[in-house]
Structures are given as C-alpha cells and as structure tokens.
Amino acid sequence: NGKKSNFNQKKIDKHLEYIETKTQEYLSALAQNDDQETSTTVTNIQQKIERLKQNKIRYELLEEQLKTSGEPQVSTTDPDARALLVQGQLVEVSYNIQAAVDDKHNLIVATHTINRNDKNALSAIALEAKENLKAETFTVLVDKGYHNGREIATCKDNNIATIVAQPDQGKSNENGTQPEYFVTKFIYNKEENTYTCPQGATLSTTGRWHKKTGRTEESGYMYQKYRTPACKTCPVKDQCTSRKGGREIDRS
C-alpha cells in the first residue's frame, strides 16, 4: 500500500507522457529495423510496444476512476487510503486516526479515522467529542500540528474554546530571514489592516484576495499580500528576505 500504488492526475499524466514518448521511439526503431529485415529485433520491439499499450489502458482506466470518484487521488491496493503529509515533507499512503481524551478521567471520548492530516482535523474531532459528552461548551487542548485558522474558527462558532500551540513561522538560515525578522516580529494593525516591520516601515495590501490551493478543496484558503516599497532602500533587507522584490507577508 505504498506510493507506487497511489495516483493523482499529475502522476497519471506523467506516466502517459512517458508511454507516448517511448512508443514513438519504438515505432521509429521498428521502421528502421523493418528496412533491415532483422526479425528478432522487430519481434522484441513489437512486444515492448504491446506492453506500453497495456500500460496506457491501465492508466487511462485510473484516470477515468479518478474523474468518476471526484477525489483528488486514487489508491489501487487499499482504495480508502490516501497520500498524507505526516511529518514535515514526509508523505505516506495511510490513514490518520484521531482521538479525543477527557482530561479528568483519561478516557477516550471520541475517535474516528480520516484521510486528512492533523492541520485539517481539529473541528471534526472536537465536535464529535462535544456531541458524545452532551456538553454545551468545553476546552480543547491540541499541539501545533492542528494550528489552522479555519478549524479554530469552526470550534469557536460551536462554543468550543481552543488552546492550540502556535507553530514557528519562518526559518533562519545564513542566506535568508534571520530570527529578528520572522513574521512574528511584524506588528499587525487591525484598524488600518497593515503590518509594521522591525525597522518601522508599513506593509500594506491592495485588498485583493488570492487563493491558496491545497491537496483538497477544504485545505485551501484565501489570503491577502502585504508589501512595502521601503524594502528597496532598507539597509538590512538581506537579513529580512532573499526575495528580490522585498518582504512579502501573507494573511488569511
């Protein structure tokens, strides 16, 4: 049930493109060997072309299955499994089991299995726990893997208080952003909808909303971009960003 048995449209397109390229190569070789009348080589090439045809049919069937299901991916060994981002950049074809535990008695009060990572899992397990407990309100405590504005907002709308560890925003390296210029060092002004950078410059937005796409429709979100022309003459620009156009902050 590994990655080789999991397909999305991009992966299928890549395989079909490879098959098309190899088929053309073999057809050219076949034409050349036909002229030379080397029967053994011709038979060998014909067998390879036939295998490519069978593989093409297989990927076309997977493509049809993908379109019919409406899902972004399909797994051939275990149809219910999905490619999930499980840690950092590590992707595994797997399931994600969620469990909510009552702090007072240490009992599992809700559990389910999903095809999303933790970042998109908070509200569903919190609402399930609320229903099972028949509670009007309660507090959920989760780690930084669950930090997601949309999920937290859903909990809030359903009278569930959340305590969520905030993930580190930005990484420090010798050629990029230094710790003193991480996004957490930029002050947001709610009334003006602007940011003030550590050097005192104001980053503003045009108000235009951009769409961030995710692996699934629900994991995407809308955001605005904040910039300042002051970056052009800033003496510490290289400590803040390696982006040629200057620092840019996204806010969902």
# chains A, B, ... in the order shown; residues from 1 in each chain; ligands from 1
$ select_by_dssp --residues "range 8-251 of chain A" --states "strand (DSSP E or B)" --output "NGL selection string"
:A and (8 or 73-75 or 82-87 or 90-94 or 96-101 or 108-114 or 138-142 or 160-164 or 187-189 or 194-196 or 202-204 or 210-212 or 221-227 or 249-251)
$ residues_around --residues "range 100-105 of chain A" --least-positions-apart "6" --cutoff "8 Å" --atoms "only C-alpha atoms" --output "list in words"
Thr111, Ile125, Ala126 and Ala129 of chain A
$ write_last_selection --atoms "N, CA, C and O atoms" --output "compact mmCIF listing (two decimals), in the first residue's frame"
# COMPACT_ATOMS: atom_id res chain seq x y z
N THR A 111 -13.42 9.18 18.72
CA THR A 111 -12.36 8.66 17.85
C THR A 111 -12.92 8.39 16.46
O THR A 111 -14.06 7.99 16.31
N ILE A 125 -13.12 16.34 15.15
CA ILE A 125 -12.98 15.53 16.37
C ILE A 125 -13.50 16.29 17.58
O ILE A 125 -14.07 15.71 18.51
N ALA A 126 -13.37 17.62 17.59
CA ALA A 126 -13.87 18.44 18.70
C ALA A 126 -15.40 18.40 18.75
O ALA A 126 -16.00 18.27 19.82
N ALA A 129 -16.56 15.00 19.97
CA ALA A 129 -16.40 14.91 21.43
C ALA A 129 -17.52 15.68 22.14
O ALA A 129 -18.08 15.21 23.14
$ closest_residue --among "A:Ile12, A:Val42, A:Ala29, A:Val91" --to "Glu63 in chain A" --atoms "only C-alpha atoms"
A:Ile12
$ residues_around --residues "range 190-197 of chain A" --least-positions-apart "6" --cutoff "9 Å" --atoms "only C-alpha atoms" --output "list in words"
Tyr181, Val183, Leu203, Ser204, Thr205, Tyr226, Arg227 and Ile249 of chain A
$ residues_around --residues "range 143-152 of chain A" --least-positions-apart "2" --cutoff "9 Å" --atoms "only C-alpha atoms" --output "PyMOL selection string"
chain A and resi 117-124+141+154-157+160-168+221+252
$ select_by_dssp --residues "range 47-240 of chain A" --states "helix (DSSP H, G or I)" --output "VMD selection string"
chain A and resid 47 to 69 118 to 120 122 to 133 144 to 146 149 to 157 179 to 181 183 to 185 217 to 219 229 to 233 237 to 240
